[in-house]
Structures are given as C-alpha cells and as structure tokens.
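Trainee: Below you will find the structure I want to go over with you.
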Amino acid sequence: MATPENKLAFDGGWEYDPAPEGVEHIRAKKRYGLYIGGKFVAAEKGRTFDTINPATEEKLARVAQASELDVDKAVKAARKAYTGPWGRMKASERGKYIFRIARIMQERAREFAAIESLDGGKPIRESRDVDVPLAAAHFFYYAGWADKLEYAFPGRKAKSLGVAGQVIPWNFPLLMAAWKLAPALACGNTAVLKPAETTPLTALKLAEVIADADLPPGVVNIITGAGDTGAAIVNHPGVDKVAFTGSTGVGRIIQKALAGTNKKYTLELGGKAANIIFADAAIDQAVEGIVNGIFFNQGHVCCAGSRLFVQEAVAEEVIQKLKDRMETLIVGDPLDKNTDIGAINSSMQLEKIQSYLEIGQQEGGTMHQSSCSVPETGYWCRPTIFTGVSQSNRVVQEEIFGPVLAIQTFRTFDEALSKANNTPYGLSGGVWTDKGAKIFKMTQSVRAGVVWANTFNKFDPSSPFGGYKESGVGREGGLHGLDAYVKLGV
Amino acid sequence: MSVTALKTSKAFPDLSRVPAVDEVGVSERVARFQTRSIKKASKVEALKMILSMIDLTTLEGQDTPGKVRHLCQKAIHLHDALPDLPHVAAVCVYPTMVGVAKQALEGHDINIASVATAFPSGMSSLDVKLDDARMAVDAGANEIDMVISRGAFLAGEYGYVFDEITAVKEACGDAHLKVILETGELGTLDRVRRASVLAMHAGADFIKTSTGKIQPAATMQVTLVMLQAIKDYYYQTGRMVGMKPAGGISKAKLAVHYLVMLRETLGMAWMTPEWFRFGASSLANDVLMQLMKQSTGVYQSSDYFSKD
C-alpha cells in the first residue's frame with residue numbers, strides 16, 4: 001500500500017469558492033415565548049436564556065425558560081384540548097391536520113434548513129437534504145395512520161393515552177420533534193414538547209407551523225428550558241406518556257422517576273455501534289460508509305458507527321483510503337453548501353470530545369486527524385480516528401458523540417460478532433460484505449435495534465428505531481412507533 | 001520495483017484481489033459530488049481546465065479531410081473573443097485522417113489522437129488491429145485510443161484481452177496508449193473494475209470509458225469506479241495512469257462535476273491534461289458559453305460560437 005512518496009495530494013490547486021446559503025429569507029424573531037394553548041406567552045417567572053450560533057458564538061435569539069408553573073400550564077392546556085376538540089374529533093379529520101403540518105413544513109423547508117444549521121451547527125447540505133425532508137416525511141407517514149389504527153392492531157381496539165410529555169435532544173432538533181409529535185397526534189394524543197436548550201429555534205418555528213395549520217389550541221405545546229424543565233414534564237402527574245431521546249444517564253433518572261407510576265414511556269438513549277468491514281466487501285464503498293457512519297452530523301448521532309471493525313487482510317488498505325477520504329472532507333461554515341462537517345453543537349460538547357481525544361492518546365491509542373484548518377471562533381473538531389485501540393480502551397467503550405472513530409481489526413466472523421456485542425449499548429450496527437449469507441448471519445446475531453448492510457445511517461419513517469440494553473426502551477417509527485402512543489383494548 | 005521495470009515486465013494481475021463494487025454505494029457517492037456548488041473564480045478556473053482537457057473528436061463514417069481541417073481550426077481557435085483561453089489537449093480522428101490533422105495542426109502544441117484496433121467493435125484479428133495502430137502512428141498520431149475485445153472479455157478470456165493490449169502497446173512505440181473498455185457493453189461495475197485492472201497492468205497509459213458509439217457511454221458512476229481502480233494501481237505500483245471519460249458529456253456543469261470527482265478521488269496531481277481528458281465533440285461550446293456568461297453576465301446565442 002501507500003508509501004510516503006506516492007501519497008495523494010488533496011490540497012492546493014483548484015479550490016472551491018465559498019457557496020453560502022443566503023439567510024435573508026429567514027423570518028426569525030429575536031425573542032420567543034413559550035407556545036402554550038395555541039399562543040406564544042412569556043414564562044411565568046419571566047426567565048429567559050440565549051441560544052447561540054455554535055459556528056460564530058453569536059447570539060441568535062432569547063427564548064423563555066419554562067419553570068414548573070409553565071409546565072403545569074402547558075400540561076393543563078394539553079389536557080383541555082384532549083378532553084375537548086381533539087379527543088372528539090374524527091380520526092380522518094385529525095389526519096388532515098397532520099397532513100397540513102407536513103405540507104406547510106415542506107413549503108418552508110428552505111427556512112427550516114437554514115435555521116437548523118444556524119442554531120445547531122450542522123451543515124446545510126444535511127439539514128436541507130436529510131433533517132427537514134425526513135421530518136416532513138414523518139408527519140406525512142403518520143398522518144396516513146390516523147384513521148387506520150384498527151389495521152395497525154388487528155382485532156384490538158387502539159385508544160389514545162392522553163397527554164404525552166416529550167423531551168428531545170439537540171442533534172436532530174426538528175427531526176426528533178417530528179418523530180415524537182407525529183405518532184402522538186396520529187393516535188389522538190396531545191403533547192407537551194421540550195426541545196434541547198442549545199437548539200430551540202426550529203421547534204419554535206414548528207410551533208408557528210402548527211398555529212398556521214389551525215390545530216385546536218393546546219393540542220401541541222412547545223416549551224423551552226433546560227434539564228429542570230424536562231424533569232418537570234416527566235414528573236408532572238398530568239402526563240400519561242413520556243418520550244425521551246438523549247443520554248443514557250438522564251434516561252436512567254427518568255426510568256427511576258417513572259417506576260411505580262402509570263405512565264407509559266419510550267427511551268431512546270446512547271450507542272456505540274459496531275461497523276464491521278469484511279475483506280470481501282466493496283472496499284471503496286465501505287470507506288464511504290465509514291465516513292457516513294461517523295462523520296455525519298459531526299458524529300452527534302446516537303446510532304453513529306463509532307466502533308469500526310476491519311478484517312485484518314484489508315485493514316491497511318481501508319485505513320489508508322479512509323485517511324485520503326478524510327482529507328477531502330470540508331470542515332467549516334455550516335451554511336456553506338460545500339461543507340461536509342459543521343460546528344460542534346456547544347462548548348460543553350466540544351470539551352467532552354476533547355477530553356476523549358486526550359484520554360485516547362493517554363491510553364496509548366494512535367490519533368490521526370485530517371489536516372484541514374478550522375475557524376478561530378466557534379466550536380470545531382477535525383475528523384479524527386484512533387488506531388491501536390482495543391475493547392479495553394475508553395474511547396472504544398464510551399459514547400463520545402463527536403467525529404471520533406475507534407478502529408480495531410479482527411480475523412474471523414465470530415471474533416467480529418463477539419466484539420460487536422461486547423458493549424452495554426445496542427442501538428445500531430453495520431456490516432459490509434459482498435456475500436449475502438454473511439449479511440444475514442451477522443444481522444441476525446448483532447444485538448442492536450437497527451443493523452444496516454452495505455450502507456449506514458439510513459432512515460425512513462416506516463422503519464422502527466430503538467435500542468437493546470442501555471440504548472433504550474421501546475421503538476419509534478413505523479408501525480411499532482404507534483404502539484408507544486396507544487393502549488390496546490378489545 | 002522501478003517504474004521502467006514495471007512498464008516492461010507486464011505481469012498478469014491477480015484478478016482475485018480486485019475488490020467488489022457496490023452499485024448503490026457508487027451512485028450515492030456520485031450524488032455527493034453533484035451537490036458540490038462551484039461558483040465564481042473556482043468555476044472560471046474549472047471551465048478553463050475543462051477546455052484544456054478536451055479531446056476534440058470527430059469519428060464519423062462521413063468524415064472528410066475538409067471536415068477534419070475545420071475541426072483542427074476550431075481546436076486552435078476555440079473562441080478568439082475570449083483572451084487567455086487554453087487550447088484543447090488533442091483532436092481525435094480515424095487513422096485515415098491523422099495525416100490531414102497533422103498538417104492542419106502544424107506548429108501547434110495540440111496532440112493527435114487516433115482510434116485504432118478495428119474501432120469501434122474491435123472485431124478483427126490481432127494482426128489487423130496491430131497494423132491499424134501502426135498505420136496511425138506512422139501517419140503522425142501521438143496518442144492511440146484502442147478498444148478491448150469485449151466479446152473475449154465477457155467470455156472470460158482475460159489472458160487474451162491482456163495479451164492483446166500488451167501487443168498494441170508495443171506497436172504504439174512512443175505514442176500514448178488509451179484503452180477503451182466500452183463500459184456500456186460490460187454490463188456491471190464489477191466488470192468495469194476488472195477490465196480497468198487488466199488494462200493498466202497490460203500497460204495502458206490511459207483508460208477510457210467508451211467509443212461514443214454505444215449507449216450508455218461515459219457516466220459518472222463508471223468513471224468513479226475507474227478512478228478508484230487507478231488509485232489502487234497507483235498505490236500498488238507507483239505508476240500514474242490517466243483517465244478519459246468519453247461520450248455523453250456535452251454540458252459544462254456535468255464536466256465540472258467530473259472535475260470535482262477527480263479532485264476528491266485522485267487529488268491534485270491528476271488535474272492536468274496529461275492525466276485527464278474529456279472525449280467530446282460539443283462540450284467545448286457549452287463551456288465557452290458559460291465562460292462568456294461569467295465575463296459578461298448574460299448568456300449569448302449559440303450562433304455566437306463557431307461550430308465545426
């Protein structure tokens with residue numbers, strides 16, 4: 001393989017000029033209240049916090065910080081809508097409202113994408129091509145189920161639960177809101193949703209869409225705040241169902257809090273997915289899959305392929321090709337259409353990632369980063385790989401939630417499988433081979449909610465998603481996603 | 001192993017080591033290249049680079065000395081209204097037209113490429129093919145675009161295809177050899193990859209997608225697979241091999257996406273006419289139209305660009 005004198009050069013010469021997405025078309029406010037009972041209102045205690053652009057550290061907007069009082073107000077508004085117009089509405093009518101949300105979201109896709117990139121730091125290519133279209137697709141998909149629940153649960157009678165309390169993370173702010181709201185509404189529930197404190201803006205824009213779609217007041221309430229606001233939602237006695245996506249640590253606290261209550265819950269938590277490359281794989285495409293697995297959304301993906309297993313016969317080749325590919329990844333302005341890797345979501349997350357880079361090196365791993373430069377202001381992390389690490393290294397065991405890949409080699413199928421499963425997590429996995437039988441053998445044996453074959457990080461509203469072990473409880477998406485928002489009777 | 005030793009030893013490659021190709025993955029990667037937004041100065045630079053990489057081509061049964069002279073005139077004077085334009089890399093003609101082209105291009109630094117080896121089907125004996133190539137070289141061609149025997153390749157006679165290429169390479173003497181795989185007749189990307197490996201090990205200076213006579217001709221998918229084969233070969237041997245997609249690239253925007261693909265697959269060293277060519281007849285005028293648009297801000301009618 002490559003010797004120093006025949007390395008490929010990916011810098012110098014013809015460079016791409018900046019191609020920034022315009023932001024003139026965005027209609028965003030400087031201040032946002034809480035969306036409760038169909039209106040934007042100030043927080044009871046008048047508290048606020050700022051949301052910033054992680055690429056520039058500039059303030060984007062000031063948003064209200066909800067306290068227990070506001071949560072109580074929101075839950076009561078949701079209850080009123082549930083016992084009122086929404087609960088009485090014919091399912092087919094309910095479906096129409098959800099279709100309407102989907103369509104308005106599509107019409108405003110460009111605005112949603114730009115705001116998502118401004119507030120969260122993800123590249124516009126991803127917010128434009130993945131987050132926003134997929135969010136709309138979730139509303140479209142579940143809108144269709146609204147009047148067909150009897151076919152989803154043949155022979156059973158599916159009843160709505162009541163008020164759903166939903167707490168979502170900062171990595172896919174709009175998409176996670178769609179994952180939570182669409183099935184809840186389709187099944188006839190009302191909702192109180194809290195976006196993450198670093199990325200509230202697209203959820204607040206979604207509140208505007210919901211208002212424009214003329215949903216009865218209180219069917220969807222969107223309130224902003226930090227962890228204590230989320231805790232208040234989870235612990236509120238008026239909430240019938242809790243849906244949480246976030247860290248395993250917080251998931252544990254929630255599960256404890258819910259023990260002994262009658263609340264139904266789904267928890268979608270962390271992951272440390274194995275991405276397994278066999279020697280007979282289509283190597284160049286597998287390298288692309290590694291990149292999509294770990295560098296998509298700066299690695300802020302719970303199902304990221306953060307543990308790479310490469311069969312020894314091709315390890316050197318795969319790593320060389322991966323290094324070449326990393327040199328062509330463009331890191332920088334999230335609004336630039338050519339950016340591949342945007343900003344790390346927050347300073348806190350950047351510190352966490354950097355601490356793992358230290359740990360990885362201290363534990364004897366060999367770190368390699370792409371040679372690109374990064375802007376001086378904002379939060380950035382170059383794409384990073386660790387070689388010379390094993391299952392005993394912390395960078396292999398713990399979820400880093402950044403663009404950091406831990407690479408190990410393996411010799412046999414059984415070795416790959418046992419190492420893939422040797423983790424407290426079980427959210428996703430990937431297998432790369434040209435041999436169909438090996439795909440089936442591996443996908444049936446990896447204990448993870450989603451296992452991709454010859455691809456990675458593919459999502460579809462009709463496909464269920466969720467974890468084994470510490471990666472969570474319950475499934476979201478698809479037919480299975482309905483189950484979380486109904487009680488079944490006869 | 002030194003580069004010269006490699007050129008003469010011509011060892012038959014271990015085809016069992018040719019990696020598999022996943023068509024879905026290839027198409028996804030191609031789609032990524034197409035999302036690159038190339039604007040302003042980088043666009044102008046790309047457009048000029050494209051012009052310099054064009055093998056201006058006429059390969060018709062109705063070609064005449066007159067037609068070829070017109071084409072050569074176009075090759076020299078792409079669009080004199082725009083200063084500082086590069087000239088094309090080569091003109092590409094049938095062997096019988098090489099002499100005409102040589103005369104017409106006298107004193108200009110433009111290569112003469114000739115198709116040979118019973119182009120486009122390759123359905124003839126090795127002797128006829130070698131004579132065909134020699135005739136073109138003797139008439140003054142410094143680049144030979146040969147076709148492989150697709151029938152033999154599809155029948156699994158890889159040794160035959162390999163030997164044929166090495167023989168033609170020898171017949172070419174100092175002329176550069178481009179090996180046309182005719183990917184539209186190979187059927188799968190796996191075979192494209194395998195044929196690329198065969199051709200490079202047999203001594204190809206360039207590998208080329210298509211004759212232009214079969215559909216589909218060049219696609220970004222096929223070209224990506226060939227670029228990746230070139231990369232592997234380079235890492236294994238240290239020898240650079242050039243790439244020429246041909247047929248079906250008539251728009252500047254598509255050609256820019258090819259350059260993006262080249263840049264992100266093989267890097268800067270390949271981004272010269274020495275290592276990358278477009279085989280095209282109508283691409284040049286679309287590129288010129290875009291260049292005029294960049295300098296004047298408006299599109300002009302196609303009647304303002306000479307058609308030869």
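Ordering of the structure tokens sets the chain letters (A, B, ...), residue numbers begin anew at 1 in every chain, and ligands are numbered from 1 in the order given.
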Show me a table, sorted first by chain and then by increasing residue number, of the residues of chain A having an atom at most 6 Å from chain B, each with its shortest atom pair and the distance in Å to one decimal, counting only C-alpha atoms and written as a tab-separated table.
Mentor:
```
residue	atom	partner	partner_atom	distance
A:Met1	CA	B:Tyr235	CA	5.4
A:Ala2	CA	B:Tyr235	CA	5.2
A:Leu8	CA	B:Gly267	CA	5.9
A:Ala9	CA	B:Gly267	CA	5.2
A:Phe10	CA	B:Gly267	CA	4.6
A:Tyr16	CA	B:Ser42	CA	5.6
A:Asp17	CA	B:Ser42	CA	5.6
A:Ala282	CA	B:Ala20	CA	4.4
A:Gln285	CA	B:Gly25	CA	5.3
A:Thr328	CA	B:Glu264	CA	5.9
A:Asn338	CA	B:Arg36	CA	5.4
```
Trainee: Report as a ChimeraX atom specification all protein, DNA and RNA residues lying within 7 Å of stretch 70-74 of chain A, evaluated on only C-alpha atoms, omitting residues in the same chain fewer than 2 positions from it.
Mentor: /A:36-37,43-44,66-68,76-78,192,221,232-233
Trainee: Got a sec: who's within 9 Å of B:Ile148, counting only C-alpha atoms, leaving out chain neighbours fewer than 3 positions off, as a list in words?
Mentor: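 Here the answer would be Thr117, Ser121, Gly122, Gly151, Ala152, Phe153, Val161, Phe162, Glu164, Ile165, Val179, Ile180, Leu181, Glu182, Ala195 and Ala199 of chain B.
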Trainee: Next, the residues of the selection above should be written as a JSON list (two decimals), in the first residue's frame with N, CA and C atoms.
Mentor:
```
[["chain", "number", "residue", "atom", "x", "y", "z"],
["B", 117, "THR", "N", -7.37, -0.25, -33.84],
["B", 117, "THR", "CA", -7.71, -1.64, -33.50],
["B", 117, "THR", "C", -9.16, -1.97, -33.83],
["B", 121, "SER", "N", -15.85, -1.71, -32.87],
["B", 121, "SER", "CA", -16.24, -3.02, -32.33],
["B", 121, "SER", "C", -15.05, -3.84, -31.86],
["B", 122, "GLY", "N", -13.89, -3.61, -32.49],
["B", 122, "GLY", "CA", -12.72, -4.43, -32.15],
["B", 122, "GLY", "C", -12.83, -5.83, -32.70],
["B", 151, "GLY", "N", -16.03, -9.09, -26.47],
["B", 151, "GLY", "CA", -16.53, -10.46, -26.56],
["B", 151, "GLY", "C", -15.64, -11.41, -25.78],
["B", 152, "ALA", "N", -14.35, -11.30, -26.02],
["B", 152, "ALA", "CA", -13.40, -12.16, -25.31],
["B", 152, "ALA", "C", -13.46, -11.90, -23.81],
["B", 153, "PHE", "N", -13.56, -10.63, -23.43],
["B", 153, "PHE", "CA", -13.61, -10.29, -22.00],
["B", 153, "PHE", "C", -14.83, -10.93, -21.35],
["B", 161, "VAL", "N", -7.35, -10.83, -23.67],
["B", 161, "VAL", "CA", -7.51, -9.37, -23.65],
["B", 161, "VAL", "C", -6.21, -8.71, -23.19],
["B", 162, "PHE", "N", -5.62, -9.30, -22.15],
["B", 162, "PHE", "CA", -4.37, -8.77, -21.60],
["B", 162, "PHE", "C", -3.27, -8.77, -22.67],
["B", 164, "GLU", "N", -3.54, -8.90, -25.86],
["B", 164, "GLU", "CA", -3.86, -8.00, -26.97],
["B", 164, "GLU", "C", -3.43, -6.57, -26.62],
["B", 165, "ILE", "N", -3.73, -6.17, -25.41],
["B", 165, "ILE", "CA", -3.36, -4.80, -25.01],
["B", 165, "ILE", "C", -1.84, -4.63, -25.00],
["B", 179, "VAL", "N", -6.77, 2.94, -23.49],
["B", 179, "VAL", "CA", -7.50, 1.70, -23.68],
["B", 179, "VAL", "C", -8.99, 1.92, -23.39],
["B", 180, "ILE", "N", -9.79, 1.73, -24.43],
["B", 180, "ILE", "CA", -11.24, 1.93, -24.31],
["B", 180, "ILE", "C", -11.88, 0.63, -23.83],
["B", 181, "LEU", "N", -12.57, 0.69, -22.68],
["B", 181, "LEU", "CA", -13.19, -0.51, -22.14],
["B", 181, "LEU", "C", -14.57, -0.75, -22.74],
["B", 182, "GLU", "N", -15.16, 0.26, -23.32],
["B", 182, "GLU", "CA", -16.56, 0.25, -23.78],
["B", 182, "GLU", "C", -17.47, -0.26, -22.66],
["B", 195, "ALA", "N", -11.84, -4.92, -15.79],
["B", 195, "ALA", "CA", -11.25, -4.55, -17.07],
["B", 195, "ALA", "C", -10.23, -3.42, -16.90],
["B", 199, "ALA", "N", -6.31, -3.65, -18.03],
["B", 199, "ALA", "CA", -5.73, -2.69, -18.97],
["B", 199, "ALA", "C", -4.51, -2.00, -18.38]]
```
Trainee: Give me, as a ChimeraX atom specification, the residues of stretch 185-214 of chain A that a backbone DSSP run labels strand (DSSP E or B).
Mentor: /A:190-194
Trainee: What does the distance from atom CA of A:Asn421 to atom CA of A:Lys321 come to in Å, to one decimal?
Mentor: 26.5 Å
Trainee: Skipping near chain neighbours, those fewer than 5 positions away, what residues fall within 7 Å of stretch 205-208 of chain B using only C-alpha atoms, listed as a list in words?
Mentor: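 The residues satisfying every condition are His176, Leu177, Lys178, Val179, Ile180, Leu181, Ser196, Val241, Gly242, Met243, Lys244, Pro245 and Ala246 of chain B.
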Trainee: Pick from A:Val301, A:Cys372, A:Leu185, A:Ala279: nearest to A:Ala315, with only C-alpha atoms counted?
Mentor: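 Counting only C-alpha atoms, the residue closest to A:Ala315 is A:Ala279.
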